[in-house]
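Q: Below: one structure in structure tokens.
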Amino acid sequence: IGTFHSLGVQILKSEANLVGRTSPFTIFDEDDSLSLVKKILAGLNLSKDRFNPLAMMVQISRIKNGLSKEDSLPSGSHYEKIAFSVFKKYEEALQSSNAFDFDDLIEKVVRIFQNHPEILEKYQNRWQNILVDEFQDVNTGQYLLIKLLAQKHRSLFVIGDDAQSIYAFRGSDFRNFLNFEKDWLGAEIIKLEENYLYTQNIIRAASELIKNNKFQKPKDLWTKNSAGDLIQLFAFQNGEEEARGITEKISELLKNNEPIGEIAILYRTN
């Protein structure tokens, strides 16, 4: 049981020599990678204003997660050509440091499996039955890893919901989910349409909104739960107006003798 990346570490500990490393190796975190990118940009005499280091890291990550090759990348953009030059120097620096970055933990394993069939077969025989949770959030590299491992025994069980795909900014591609039956002919599809968590009003509102998606696996969600309160939607012009609206709502609840310990604010990012 583990994440994609912990699985990648496990495999690389045994196979790192096939991608020019030795074990034990170092795994760069985001700060390490950012420092390296800044050093490379400085070495190439590239302006940080025009070639933002964070944006360059995103480009490098996309190249790795998409398992791109130089001849398959768009060739028209000067920025993309520069990004690929930075990427190559970045890769050389990682190798000379006997290090991997986070994306390597998937990408390098896929490269090993593609280039060394005997290594792939070893792991195919080790893990003959594979279960993947949150399948709608896998990216191209992760899906290739699954596909390679499962193609021999074809015992693959995935769980997911295309309507809950929220990690496109991390490279996830819900089309892997939608195309599953094309890649795995004869797959049995089991729909879990009863919802145990939400009220009828929430389920109905979500379903009415999601049905407008052009690409999806249609479902008929339902629940035995009560109708519940109507959904309230508040729109604000800016952060200050939002903060004022929230405090006014809290004041209203307190005036109605709502215990302050029953009030919580949840948010995604600060």
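Naming works like this for the structure tokens: A, B, ... for the chains as they're shown, residue 1 at the start of each chain, ligands 1 onward in shown order.
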Find the spatial neighbours of region 191-200 of chain A, counting only C-alpha atoms, within a cut-off of 9 Å - ignore same-chain residues fewer than 2 positions away - and output them as a ChimeraX atom specification.

A: /A:189,202-205,219-229

Q: Looking only at alpha helix (DSSP H) from DSSP on the backbone, list the matching residues of region 58-225 of chain A as number ranges by chain.

A: A: 58-65, 78-96, 104-115, 117-126, 140-150, 175-178, 180-183, 200-210

Q: For region 253-269 of chain A, please output as a PyMOL selection string all residues within 12 Å (counting only C-alpha atoms; exclusion window: fewer than 6 positions along the same chain).

A: chain A and resi 243+246-247

Q: Per residue of region 46-146 of chain A within 6 Å of region 170-184 of chain A, which atom pair is closest and at what distance in Å (one decimal), using only C-alpha atoms, listed by chain and increasing number, as a Markdown table?

A:
```
| residue | atom | partner | partner_atom | distance |
| --- | --- | --- | --- | --- |
| A:Gln136 | CA | A:Phe174 | CA | 5.1 |
| A:Asp137 | CA | A:Ser172 | CA | 5.0 |
| A:Val138 | CA | A:Ser172 | CA | 5.0 |
| A:Asn139 | CA | A:Ser172 | CA | 3.9 |
```

Q: Could the residues in this selection be written to a file with N, CA, C and O atoms, as a PDB file, in the first residue's frame?

A:
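The file below, again-v2.pdb, is the result:
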```
ATOM      1  N   GLN A 136      -9.279   9.477 -11.107  1.00  0.00           N
ATOM      2  CA  GLN A 136      -9.501  10.641 -11.968  1.00  0.00           C
ATOM      3  C   GLN A 136      -8.370  11.660 -11.872  1.00  0.00           C
ATOM      4  O   GLN A 136      -8.253  12.537 -12.710  1.00  0.00           O
ATOM      5  N   ASP A 137      -7.531  11.533 -10.849  1.00  0.00           N
ATOM      6  CA  ASP A 137      -6.484  12.535 -10.632  1.00  0.00           C
ATOM      7  C   ASP A 137      -5.102  12.097 -11.103  1.00  0.00           C
ATOM      8  O   ASP A 137      -4.107  12.792 -10.833  1.00  0.00           O
ATOM      9  N   VAL A 138      -4.986  10.964 -11.811  1.00  0.00           N
ATOM     10  CA  VAL A 138      -3.663  10.540 -12.271  1.00  0.00           C
ATOM     11  C   VAL A 138      -3.231  11.384 -13.470  1.00  0.00           C
ATOM     12  O   VAL A 138      -4.058  11.808 -14.279  1.00  0.00           O
ATOM     13  N   ASN A 139      -1.926  11.640 -13.554  1.00  0.00           N
ATOM     14  CA  ASN A 139      -1.407  12.354 -14.720  1.00  0.00           C
ATOM     15  C   ASN A 139      -0.901  11.343 -15.751  1.00  0.00           C
ATOM     16  O   ASN A 139      -0.987  10.125 -15.543  1.00  0.00           O
TER      17      ASN A 139
END
```

Q: So, counting only C-alpha atoms, which residue among A:Asp31, A:Ala150, A:Tyr123, A:Ile82 is closest to Ser47 (chain A)?

A: A:Ile82

Q: Mind giving me the straight-line distance from CA of Phe236 (chain A) to CA of Ile166 (chain A) in Å, one decimal?

A: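 CA of Ile166 (chain A) lies 22.9 Å from CA of Phe236 (chain A).
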
Q: Find the residues around region 92-95 of chain A up to 7 Å (only C-alpha atoms counted), leave out those fewer than 4 positions away in its own chain, and share them as a list in words.

A: Gly20, Arg21, Lys88, Ala99 and Phe100 of chain A

Q: Write the residues you've just listed into a file as a short mmCIF file (atom, residue, chain, number, x, y, z; two decimals), in the first residue's frame, and include all heavy atoms for each of them.

A:
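Now in again.cif:
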```cif
data_model
loop_
_atom_site.label_atom_id
_atom_site.label_comp_id
_atom_site.auth_asym_id
_atom_site.auth_seq_id
_atom_site.Cartn_x
_atom_site.Cartn_y
_atom_site.Cartn_z
N GLY A 20 21.47 6.25 -14.30
CA GLY A 20 22.67 7.00 -13.97
C GLY A 20 22.82 7.45 -12.54
O GLY A 20 23.54 8.42 -12.26
N ARG A 21 22.17 6.76 -11.59
CA ARG A 21 22.32 7.08 -10.17
C ARG A 21 22.74 5.84 -9.40
O ARG A 21 22.70 4.73 -9.94
CB ARG A 21 21.02 7.59 -9.56
CG ARG A 21 20.75 9.09 -9.69
CD ARG A 21 20.42 9.52 -11.08
NE ARG A 21 19.67 10.77 -11.12
CZ ARG A 21 19.17 11.26 -12.24
NH1 ARG A 21 19.34 10.63 -13.39
NH2 ARG A 21 18.51 12.40 -12.23
N LYS A 88 17.33 20.44 -19.84
CA LYS A 88 18.46 19.53 -20.07
C LYS A 88 19.60 19.78 -19.07
O LYS A 88 20.19 18.84 -18.54
CB LYS A 88 18.95 19.66 -21.51
CG LYS A 88 18.00 19.03 -22.53
CD LYS A 88 18.62 18.89 -23.90
CE LYS A 88 18.78 20.22 -24.58
NZ LYS A 88 19.23 20.06 -26.00
N ALA A 99 20.92 12.70 -7.65
CA ALA A 99 19.65 13.10 -7.05
C ALA A 99 18.50 12.92 -8.04
O ALA A 99 18.69 12.89 -9.26
CB ALA A 99 19.72 14.57 -6.61
N PHE A 100 17.29 12.80 -7.48
CA PHE A 100 16.05 12.83 -8.24
C PHE A 100 15.19 13.96 -7.69
O PHE A 100 15.30 14.31 -6.50
CB PHE A 100 15.27 11.52 -8.08
CG PHE A 100 15.94 10.31 -8.65
CD1 PHE A 100 16.48 9.33 -7.82
CD2 PHE A 100 16.03 10.12 -10.02
CE1 PHE A 100 17.09 8.20 -8.33
CE2 PHE A 100 16.65 8.98 -10.56
CZ PHE A 100 17.18 8.03 -9.70
#
```

Q: Need to verify the contact set: Asn98 (chain A), 7 Å, only C-alpha atoms, exclusion of same-chain residues closer than 5 positions in sequence. Can you return it as a count of residues only?

A: 4
